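File shown: data.txt (compact mmCIF, C-alpha atoms).
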# COMPACT_ATOMS: atom_id res chain seq x y z
CA MET A 747 -22.17 -66.69 11.97
CA THR A 748 -19.62 -68.24 14.30
CA VAL A 749 -18.79 -71.84 15.08
CA GLN A 750 -20.96 -73.12 17.92
CA PRO A 751 -19.80 -75.96 20.19
CA SER A 752 -22.97 -77.85 19.20
CA TRP A 753 -21.59 -78.16 15.66
CA TYR A 754 -18.70 -80.14 17.10
CA LEU A 755 -21.20 -82.34 18.93
CA VAL A 756 -22.98 -83.14 15.67
CA LEU A 757 -19.65 -83.81 13.96
CA SER A 758 -18.68 -86.10 16.82
CA ALA A 759 -22.00 -87.98 16.48
CA LEU A 760 -21.31 -88.41 12.75
CA LEU A 761 -17.80 -89.76 13.31
CA PHE A 762 -19.05 -92.07 16.05
CA THR A 763 -21.75 -93.56 13.82
CA ILE A 764 -19.25 -94.06 10.99
CA GLY A 765 -17.10 -95.97 13.47
CA VAL A 766 -20.08 -98.08 14.55
CA ALA A 767 -20.88 -98.84 10.91
CA GLY A 768 -17.30 -99.95 10.37
CA VAL A 769 -17.38 -102.27 13.38
CA LEU A 770 -20.65 -103.78 12.15
CA ILE A 771 -19.64 -104.16 8.52
CA ARG A 772 -15.92 -104.87 8.32
CA ARG A 773 -14.52 -108.36 8.85
CA ASN A 774 -10.81 -107.58 9.10
CA ALA A 775 -10.01 -107.41 12.80
CA ILE A 776 -7.35 -104.69 12.36
CA VAL A 777 -9.82 -102.42 10.53
CA VAL A 778 -12.43 -103.14 13.23
CA PHE A 779 -9.82 -101.96 15.73
CA MET A 780 -9.26 -98.76 13.76
CA CYS A 781 -13.01 -98.15 13.81
CA VAL A 782 -13.01 -98.53 17.59
CA GLU A 783 -10.24 -95.92 17.72
CA LEU A 784 -12.37 -93.62 15.56
CA MET A 785 -15.27 -94.02 18.00
CA LEU A 786 -13.03 -93.24 20.97
CA ASN A 787 -11.79 -90.13 19.20
CA ALA A 788 -15.33 -89.02 18.42
CA VAL A 789 -16.20 -89.26 22.09
CA ASN A 790 -13.04 -87.32 22.95
CA LEU A 791 -14.17 -84.58 20.59
CA SER A 792 -17.53 -84.35 22.32
CA PHE A 793 -15.83 -84.28 25.75
CA ILE A 794 -13.73 -81.33 24.62
CA ALA A 795 -16.71 -79.60 23.01
CA PHE A 796 -18.63 -79.93 26.29
CA SER A 797 -15.58 -78.65 28.13
CA LYS A 798 -15.69 -75.52 25.97
CA LEU A 799 -19.46 -75.28 26.27
CA ASN A 800 -19.42 -75.35 30.08
CA GLY A 801 -16.15 -73.49 30.63
CA ASP A 802 -14.82 -76.41 32.64
CA LEU A 803 -11.43 -78.11 32.20
CA ASN A 804 -12.54 -81.41 33.73
CA GLY A 805 -13.74 -82.57 30.33
CA GLN A 806 -10.25 -82.16 28.92
CA VAL A 807 -8.73 -84.18 31.77
CA LEU A 808 -11.27 -86.95 31.18
CA SER A 809 -10.42 -86.91 27.48
CA PHE A 810 -6.75 -87.31 28.43
CA PHE A 811 -7.61 -90.41 30.47
CA VAL A 812 -9.56 -91.81 27.51
CA MET A 813 -6.42 -91.41 25.38
CA VAL A 814 -4.28 -93.27 27.94
CA VAL A 815 -6.75 -96.14 28.20
CA ALA A 816 -7.04 -96.26 24.40
CA ALA A 817 -3.27 -96.57 24.12
CA ALA A 818 -3.25 -99.48 26.60
CA GLU A 819 -6.17 -101.08 24.77
CA VAL A 820 -4.44 -100.88 21.40
CA VAL A 821 -1.28 -102.48 22.77
CA VAL A 822 -3.14 -105.44 24.29
CA GLY A 823 -5.56 -105.76 21.36
CA LEU A 824 -2.85 -105.84 18.73
CA GLY A 825 -0.92 -108.33 20.87
CA ILE A 826 -3.99 -110.59 20.90
CA LEU A 827 -4.37 -110.15 17.13
CA VAL A 828 -0.76 -111.18 16.49
CA ALA A 829 -1.21 -114.21 18.78
CA ILE A 830 -4.40 -115.23 16.92
CA PHE A 831 -2.72 -114.73 13.56
CA ARG A 832 0.11 -117.08 14.58
CA LYS A 833 -2.40 -119.80 15.40
CA ARG A 834 -4.82 -119.38 12.49
CA SER A 835 -3.02 -117.33 9.79
CA SER A 836 -6.04 -115.06 9.45
CA THR A 837 -7.22 -111.76 10.87
CA SER A 838 -10.88 -112.16 9.92
CA VAL A 839 -13.22 -111.88 12.87
CA ASP A 840 -15.33 -114.71 11.42
CA ASP A 841 -12.53 -117.23 11.87
CA VAL A 842 -12.46 -116.79 15.64
CA ASN A 843 -15.60 -118.82 16.37
CA LEU A 844 -14.61 -121.33 19.06
CA LEU A 845 -17.38 -120.07 21.36
CA LYS A 846 -20.03 -120.36 18.65
CA GLY A 847 -22.89 -122.55 19.83
CA MET B 1039 -29.07 -68.07 2.76
CA SER B 1040 -27.40 -66.58 -0.27
CA LEU B 1041 -23.66 -66.64 -0.74
CA ALA B 1042 -23.36 -62.86 -0.53
CA HIS B 1043 -25.33 -62.82 2.70
CA THR B 1044 -23.11 -65.55 4.15
CA THR B 1045 -20.02 -63.59 3.17
CA VAL B 1046 -21.33 -60.48 4.92
CA VAL B 1047 -22.15 -62.48 8.05
CA VAL B 1048 -18.71 -64.10 7.97
CA LEU B 1049 -17.04 -60.72 7.64
CA ALA B 1050 -19.05 -59.38 10.57
CA ALA B 1051 -17.37 -61.75 13.03
CA THR B 1052 -14.05 -61.03 14.72
CA PRO B 1053 -10.92 -62.27 12.89
CA ALA B 1054 -10.46 -65.16 15.32
CA GLN B 1055 -14.05 -66.30 14.87
CA ARG B 1056 -13.72 -65.98 11.12
CA ALA B 1057 -10.58 -68.12 11.15
CA GLU B 1058 -12.33 -70.70 13.31
CA LEU B 1059 -15.29 -70.80 10.93
CA ILE B 1060 -13.11 -71.20 7.86
CA THR B 1061 -11.00 -73.92 9.48
CA PHE B 1062 -14.10 -75.77 10.65
CA VAL B 1063 -15.83 -75.56 7.27
CA ILE B 1064 -12.75 -76.96 5.55
CA LEU B 1065 -11.75 -79.62 8.07
CA ALA B 1066 -15.16 -81.00 9.11
CA PRO B 1067 -15.91 -82.48 5.66
CA VAL B 1068 -12.31 -83.71 5.43
CA SER B 1069 -12.64 -85.56 8.73
CA VAL B 1070 -15.99 -87.11 7.80
CA LEU B 1071 -14.75 -88.13 4.33
CA THR B 1072 -11.56 -89.68 5.67
CA ALA B 1073 -13.57 -91.59 8.27
CA LEU B 1074 -15.91 -92.87 5.54
CA GLY B 1075 -12.94 -93.73 3.35
CA MET B 1076 -11.36 -95.63 6.20
CA VAL B 1077 -14.49 -97.75 6.63
CA LEU B 1078 -15.10 -98.30 2.92
CA ASN B 1079 -11.54 -98.87 1.69
CA ARG B 1080 -10.70 -102.51 1.08
CA HIS B 1081 -6.98 -102.15 1.73
CA ALA B 1082 -6.16 -101.96 5.42
CA VAL B 1083 -3.05 -99.82 4.80
CA TYR B 1084 -5.10 -97.11 3.05
CA SER B 1085 -7.57 -97.28 5.92
CA ALA B 1086 -4.75 -96.66 8.39
CA LEU B 1087 -3.38 -93.71 6.40
CA LEU B 1088 -6.85 -92.14 6.09
CA LEU B 1089 -7.27 -92.56 9.83
CA VAL B 1090 -4.03 -90.61 10.38
CA VAL B 1091 -5.47 -87.71 8.35
CA ASN B 1092 -8.63 -87.93 10.44
CA PHE B 1093 -6.61 -87.75 13.66
CA PHE B 1094 -4.81 -84.63 12.42
CA CYS B 1095 -8.18 -83.00 11.67
CA LEU B 1096 -9.31 -83.83 15.21
CA ALA B 1097 -6.13 -82.25 16.59
CA ALA B 1098 -7.00 -79.08 14.69
CA PHE B 1099 -10.50 -79.16 16.20
CA TYR B 1100 -8.96 -79.47 19.65
CA VAL B 1101 -6.95 -76.31 19.01
CA LEU B 1102 -10.13 -74.54 17.89
CA LEU B 1103 -11.83 -75.68 21.11
CA GLN B 1104 -8.92 -74.29 23.16
CA ALA B 1105 -7.59 -77.69 24.24
CA GLN B 1106 -4.02 -77.04 23.12
CA PHE B 1107 -2.39 -79.67 25.33
CA LEU B 1108 -4.73 -82.38 24.07
CA ALA B 1109 -4.11 -81.36 20.47
CA VAL B 1110 -0.39 -81.99 20.94
CA VAL B 1111 -1.08 -85.26 22.78
CA GLN B 1112 -3.40 -86.29 19.95
CA VAL B 1113 -0.67 -85.80 17.36
CA ILE B 1114 2.06 -87.47 19.42
CA VAL B 1115 0.08 -90.38 20.88
CA TYR B 1116 -2.52 -91.13 18.21
CA ALA B 1117 -1.10 -89.97 14.90
CA GLY B 1118 2.39 -90.90 16.06
CA ALA B 1119 2.53 -93.89 18.34
CA ILE B 1120 -0.77 -95.70 17.89
CA MET B 1121 -0.92 -95.47 14.11
CA VAL B 1122 2.71 -96.56 13.79
CA LEU B 1123 1.77 -99.57 15.93
CA PHE B 1124 -1.18 -100.30 13.63
CA LEU B 1125 0.94 -100.06 10.48
CA PHE B 1126 3.65 -102.16 12.11
CA VAL B 1127 1.17 -104.95 12.87
CA LEU B 1128 -0.26 -104.65 9.34
CA MET B 1129 3.20 -105.14 7.89
CA LEU B 1130 3.88 -108.00 10.31
CA LEU B 1131 0.70 -109.88 9.39
CA GLY B 1132 0.97 -109.23 5.68
CA VAL B 1133 -0.90 -106.56 3.75
CA SER B 1134 -2.22 -108.86 1.05
CA ASN B 1135 -5.18 -110.32 2.91
CA GLU B 1136 -8.03 -108.14 1.76
CA ASP B 1137 -11.42 -108.18 3.34
CA VAL B 1138 -13.81 -110.89 2.26
CA LEU B 1139 -16.86 -109.34 0.64
CA LYS B 1140 -19.11 -112.28 1.37
CA GLU B 1141 -21.67 -111.69 4.10
CA THR B 1142 -21.45 -114.37 6.78
CA ILE B 1143 -24.77 -113.40 8.37
CA ARG B 1144 -27.46 -112.81 5.79
CA GLY B 1145 -28.88 -109.28 5.78
CA GLN B 1146 -26.16 -108.00 8.09
CA ARG B 1147 -25.25 -104.95 6.02
CA PRO B 1148 -28.79 -103.57 5.52
CA ALA B 1149 -29.49 -104.19 9.21
CA ALA B 1150 -26.26 -102.41 10.12
CA ALA B 1151 -27.20 -99.44 7.91
CA VAL B 1152 -30.64 -99.14 9.52
CA LEU B 1153 -29.21 -99.37 13.04
CA VAL B 1154 -26.52 -96.80 12.28
CA VAL B 1155 -29.03 -94.32 10.86
CA LEU B 1156 -31.24 -94.83 13.93
CA LEU B 1157 -28.26 -94.24 16.22
CA LEU B 1158 -27.26 -91.06 14.40
CA ALA B 1159 -30.83 -89.76 14.46
CA GLY B 1160 -31.12 -90.48 18.16
CA VAL B 1161 -27.87 -88.75 19.07
CA VAL B 1162 -28.53 -85.70 16.91
CA TRP B 1163 -32.04 -85.46 18.35
CA ALA B 1164 -30.55 -85.59 21.85
CA ILE B 1165 -28.10 -82.81 20.97
CA PHE B 1166 -30.83 -80.50 19.71
CA ALA B 1167 -33.43 -81.45 22.31
CA LYS B 1168 -31.22 -80.05 25.08
CA PRO B 1169 -30.23 -76.40 25.00
CA PHE B 1170 -26.60 -76.99 24.08
CA SER B 1171 -26.45 -73.70 22.19
CA GLY B 1172 -24.31 -70.71 22.95
CA PRO B 1173 -20.75 -69.78 22.07
CA GLY B 1174 -19.23 -71.48 25.13
CA ALA B 1175 -16.81 -70.04 27.63
CA ASP B 1176 -13.34 -68.67 27.01
CA LEU B 1177 -11.18 -71.54 28.28
CA VAL B 1178 -8.02 -69.46 28.07
CA ARG B 1179 -9.40 -67.29 30.85
CA VAL B 1180 -10.64 -70.33 32.80
CA ALA B 1181 -7.12 -71.80 32.63
CA ASN B 1182 -5.49 -68.46 33.51
CA GLY B 1183 -3.81 -68.38 30.12
CA ASP B 1184 -1.91 -71.64 30.57
CA ASN B 1185 -3.74 -74.75 29.43
CA VAL B 1186 -0.93 -77.20 30.27
CA ARG B 1187 -0.46 -75.84 33.78
CA ALA B 1188 -4.21 -75.92 34.49
CA ILE B 1189 -4.57 -79.51 33.28
CA GLY B 1190 -1.47 -80.56 35.21
CA GLN B 1191 -2.84 -79.03 38.38
CA LEU B 1192 -6.14 -80.89 37.93
CA LEU B 1193 -4.31 -84.16 37.19
CA PHE B 1194 -2.13 -84.00 40.29
CA THR B 1195 -4.77 -82.79 42.73
CA ARG B 1196 -8.28 -83.84 41.94
CA TYR B 1197 -7.49 -86.80 39.70
CA VAL B 1198 -4.28 -87.99 41.32
CA PHE B 1199 -5.70 -91.42 42.17
CA ALA B 1200 -6.97 -91.96 38.62
CA PHE B 1201 -3.59 -90.78 37.33
CA GLU B 1202 -1.74 -93.37 39.41
CA ALA B 1203 -4.25 -96.03 38.35
CA THR B 1204 -3.60 -95.29 34.67
CA GLY B 1205 0.12 -95.65 35.35
CA LEU B 1206 -0.56 -99.11 36.74
CA LEU B 1207 -2.80 -99.85 33.76
CA LEU B 1208 -0.02 -98.94 31.33
CA VAL B 1209 2.44 -101.24 33.12
CA VAL B 1210 -0.08 -104.10 33.03
CA ALA B 1211 -0.74 -103.46 29.33
CA ALA B 1212 2.97 -103.46 28.49
CA VAL B 1213 3.58 -106.71 30.41
CA GLY B 1214 0.45 -108.22 28.85
CA ALA B 1215 1.64 -107.38 25.35
CA LEU B 1216 5.02 -108.96 26.13
CA VAL B 1217 3.36 -112.14 27.38
CA LEU B 1218 1.01 -112.31 24.39
CA GLY B 1219 3.81 -111.72 21.92
CA LYS B 1220 6.19 -114.26 23.41
CA ARG B 1221 6.69 -117.47 21.48
CA ARG B 1222 6.41 -120.58 23.62
CA ARG B 1223 9.50 -122.78 23.54
CA PRO B 1224 8.76 -126.28 22.23
Exercise: express the given structure as structure tokens:
Amino acid sequence: MTVQPSWYLVLSALLFTIGVAGVLIRRNAIVVFMCVELMLNAVNLSFIAFSKLNGDLNGQVLSFFVMVVAAAEVVVGLGILVAIFRKRSSTSVDDVNLLKG
Amino acid sequence: MSLAHTTVVVLAATPAQRAELITFVILAPVSVLTALGMVLNRHAVYSALLLVVNFFCLAAFYVLLQAQFLAVVQVIVYAGAIMVLFLFVLMLLGVSNEDVLKETIRGQRPAAAVLVVLLLAGVVWAIFAKPFSGPGADLVRVANGDNVRAIGQLLFTRYVFAFEATGLLLVVAAVGALVLGKRRRP
């Protein structure tokens, strides 16, 4: 019995769904952000597993780009969070409801 | 499958495959449990620390999948820079505000659970519906024994436009964070 790349795909699906559950359940915006990071990482894992499966390095390059974009996203997102916290003294996603109809 | 049978099968593989199997069997539950702990823990700092452990597990998986460069990048960028940024913001905003347990939308959590299970079932079904089996290729041979050089060559030939665009994106993100973080003078 050896480790098959499809095992990594299943693991990646599991991690992704845990991240989705966190985004749906948690109310603290910072933790929601961490869950988004977890989802991005799960997708990276499946990119790299597919790269191994197909013997093609393009998947690894794409995964690298995902990391760069994730870094930029975290910087801007946390900046927005700090700005919101200054205005409202709260990081709960329920308190940001100006657009609520 | 009995334990003895499993042991025999494990011993039948080459040493590298055996090491990969053992590492995977240990680290896969660790990564899933730390992810679950991150979602379920009420203290945001513990969530962040569990996420760091999860990122290290993923870096180990990248090594097993012969993506050595990305494993190093994962540790430096994610476990290093991004998580430090998260913890920094947590400290800045105060660690005492714990999550409210009250549901703001009624029935949100059961609905979320159902949707998540459906999503997982769908993705796993998709994985096993397609023939994604097989041991995969030897990426060391594909990369001529040098993963970093091969990825660098791809980045600066085929993906050079995307590479430059991400450079621009990083500059915009840095300037955006500066603008967002600046206090307006009264």
Which chain B residues are at most 6 Å from chain A (counting all atoms listed in the file), as a compact mmCIF listing (two decimals) with C-alpha atoms, in the frame of the given file?
# COMPACT_ATOMS: atom_id res chain seq x y z
CA VAL B 1047 -22.15 -62.48 8.05
CA VAL B 1048 -18.71 -64.10 7.97
CA GLN B 1055 -14.05 -66.30 14.87
CA LEU B 1059 -15.29 -70.80 10.93
CA VAL B 1077 -14.49 -97.75 6.63
CA ASP B 1137 -11.42 -108.18 3.34
CA VAL B 1154 -26.52 -96.80 12.28
CA PRO B 1173 -20.75 -69.78 22.07
CA GLY B 1174 -19.23 -71.48 25.13
CA ALA B 1175 -16.81 -70.04 27.63
CA LEU B 1177 -11.18 -71.54 28.28
CA LEU B 1208 -0.02 -98.94 31.33
CA ALA B 1211 -0.74 -103.46 29.33
CA ALA B 1215 1.64 -107.38 25.35
CA LEU B 1218 1.01 -112.31 24.39
CA GLY B 1219 3.81 -111.72 21.92
Practice problem: Figure out the distance between CA of Val789 in chain A and CA of Phe1170 in chain B, please, to one decimal in Å. | Solution: 16.2 Å
Practice problem: Could you please determine the separation between CA of Ala1109 in chain B and CA of Ala1051 in chain B in Å, to one decimal place? | Solution: 24.8 Å
Quiz prompt | Straight-line distance linking CA of Ala1159 in chain B with CA of Thr1072 in chain B, stated in Å to one decimal | solution =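 Rounded to one decimal, the two atoms are 21.2 Å apart.
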Quiz item: Excluding same-chain residues fewer than 5 positions from Leu1102 in chain B, what lies within 9 Å of it counting only C-alpha atoms, as a VMD selection string?
Solution: chain B and resid 1058 1061 to 1062 1097
Quiz prompt | Shell around Phe1094 in chain B at 12 Å using all atoms listed in the file, local window under 2 positions removed, as number ranges by chain | solution = A: 787; B: 1065-1066, 1068-1069, 1072-1073, 1087-1092, 1096-1101, 1108-1118, 1121
Quiz item: So which residues touch Arg1187 in chain B within 12 Å, counting all atoms listed in the file, skipping near sequence neighbours fewer than 5 positions away, as a list in words?
Solution: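 Near neighbours after the sequence-gap exclusion: Leu803 and Val807 of chain A; Gln1106, Phe1107, Val1178, Val1180, Ala1181, Asn1182, Leu1192, Leu1193 and Phe1194 of chain B.
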